[in-house]
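**Student:** The structure follows.
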Amino acid sequence: MLLEKERTVMDLMEAIGRRRSIRHFSPEPLNNYDLYEMVQAARLAPQAANVQPVRYCIVHQPQLLEPMFECTKWAGYLENYAPAEGCRPKGYIVVLIEEKLKSRWTDVDAGACVENMLLTAASKGLGACWLGAIDRDKIRHLLGISDEYSIHSLVAVGHPGEDPVWEEKDSDSIKYYLDDAGRLHVPKRRMGEILVPITPNLDQK
Ligand SMILES: Cc1cc2nc3c(=O)[nH]c(=O)nc-3n(C[C@H](O)[C@H](O)[C@H](O)COP(=O)(O)O)c2cc1C
């Protein structure tokens, strides 16, 4: 039993470590059920007061992929890193917020849901990229999304066509960059930088 538990934790840590934003995809089509399972994982995420204001559209129809792509922007720190034709996502999950359920926690709720989707994709060997730099008006029109919902973000999905790697941040820069071989590197802040020491006061003042 303990062994089984340990194995599950290892699998999760592996998916967390392997998950990178994937922006270049292979031509292989998606199994639509994988998109469905990503949403299945999203709906189990922790939610403030369990309100669950997040909604989803699954977009996989071939005729919608190119118009969807035109609503996106990629890798702001790099020049010309948007995926070329043939390397573009094979599906999108549109993350919506039901307006009447909006609260000050809605963004946080959406974040928890999206991370579950990204980890599910990583655990399946799929590539995904969370996209916030999107043309919401165009997407609303293209997909006929009603005013009851705001468009929060997109998750672009496909089979990975690149193999980015994270590394310990060495310089002052948090900007991802390409090495000489064209591989994407993503600096992550070191443990020593993110762990803040506490100075406990137990005198109840
Ligand atoms: C809220 C949010 C919005 C993002 N929007 C975009 C985007 O519009 N385009 C893009 O290429 N990447 C986008 N990203 C991906 C980030 O650039 C990426 O997560 C970051 O560089 C760290 O890389 P990693 O995901 O591989 O760890 C977004 C990430 C988040 C969390």
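Just so we're on the same page: first chain in the structure tokens is A, next is B, and so on; residues restart at 1 for each chain, and ligands are numbered from 1 in the order they show up.
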When the cut-off is 9 Å and you count only C-alpha atoms and all ligand atoms, which residues lie near ligand 1, shown as a ChimeraX atom specification?

**Tutor:** /A:17-23,72-77,81-82,111,114-115,128-134,153-154,164-166,174-176,184-188

**Student:** For Pro29 (chain A), please output as a list in words all residues within 9 Å (counting only C-alpha atoms; exclusion window: fewer than 4 positions along the same chain).

**Tutor:**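 Residues meeting the cut-off are Lys90, Gly91, Gly158 and His159 of chain A.
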
**Student:** Taking into account only C-alpha atoms, which residue in the set A:Val108, A:Leu178, A:Leu30, A:Ile151 is nearest to Pro46 (chain A)?

**Tutor:**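 Closest residue, counting only C-alpha atoms: A:Val108.
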
**Student:** In terms of the shortest atom-to-atom distance over only C-alpha atoms, which of A:His60, A:Lys124, A:His24, A:Arg55 is closest to Asn80 (chain A)?

**Tutor:**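 Looking at the shortest contact to Asn80 (chain A), the residue is A:His24.
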
**Student:** Calculate how many Å separate CA of Val39 (chain A) from CA of Leu65 (chain A), rounding to one decimal.

**Tutor:**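 Computed distance, CA of Val39 (chain A) to CA of Leu65 (chain A), equals 18.7 Å.
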
**Student:** DSSP on the backbone: which residues in chain A end up as strand (DSSP E)? Give the answer as a ChimeraX atom specification.

**Tutor:** /A:54-59,91-98,127-131,149-158,165-168,177-178,184-188

**Student:** Would you please work out which residue, of A:Asp147, A:Asp137, A:Asp11, A:Glu79, is nearest to Ile97 (chain A) when using only C-alpha atoms?

**Tutor:**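 When distances to Ile97 (chain A) are compared using only C-alpha atoms, the smallest one comes from A:Asp147.
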
**Student:** Show me, as a list in words, the residues that have an atom within 9 Å of Leu143 (chain A) when counting only C-alpha atoms, minus same-chain residues fewer than 5 positions from it.

**Tutor:**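 Result of the neighbour search: Cys57, Val59, Leu64 and Lys138 of chain A.
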
**Student:** I need the residue nearest Pro89 (chain A) from this list: A:Gly192, A:Gly161, A:Gly144, A:Pro53. Use only C-alpha atoms for the distance.

**Tutor:**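 Checking each candidate against Pro89 (chain A), we get A:Gly161 as the closest.
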
**Student:** So, with only C-alpha atoms as the atoms that count, which of A:Ala42, A:Ala181, A:Ala48, A:Ala156 lies closest to Val94 (chain A)?

**Tutor:** A:Ala156

**Student:** Kindly indicate which residue among A:Ala84, A:Cys71, A:Ala45, A:Ala112 lies nearest to Pro27 (chain A), using only C-alpha atoms for the distances.

**Tutor:**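 Distance minimum relative to Pro27 (chain A) lands on A:Ala84.
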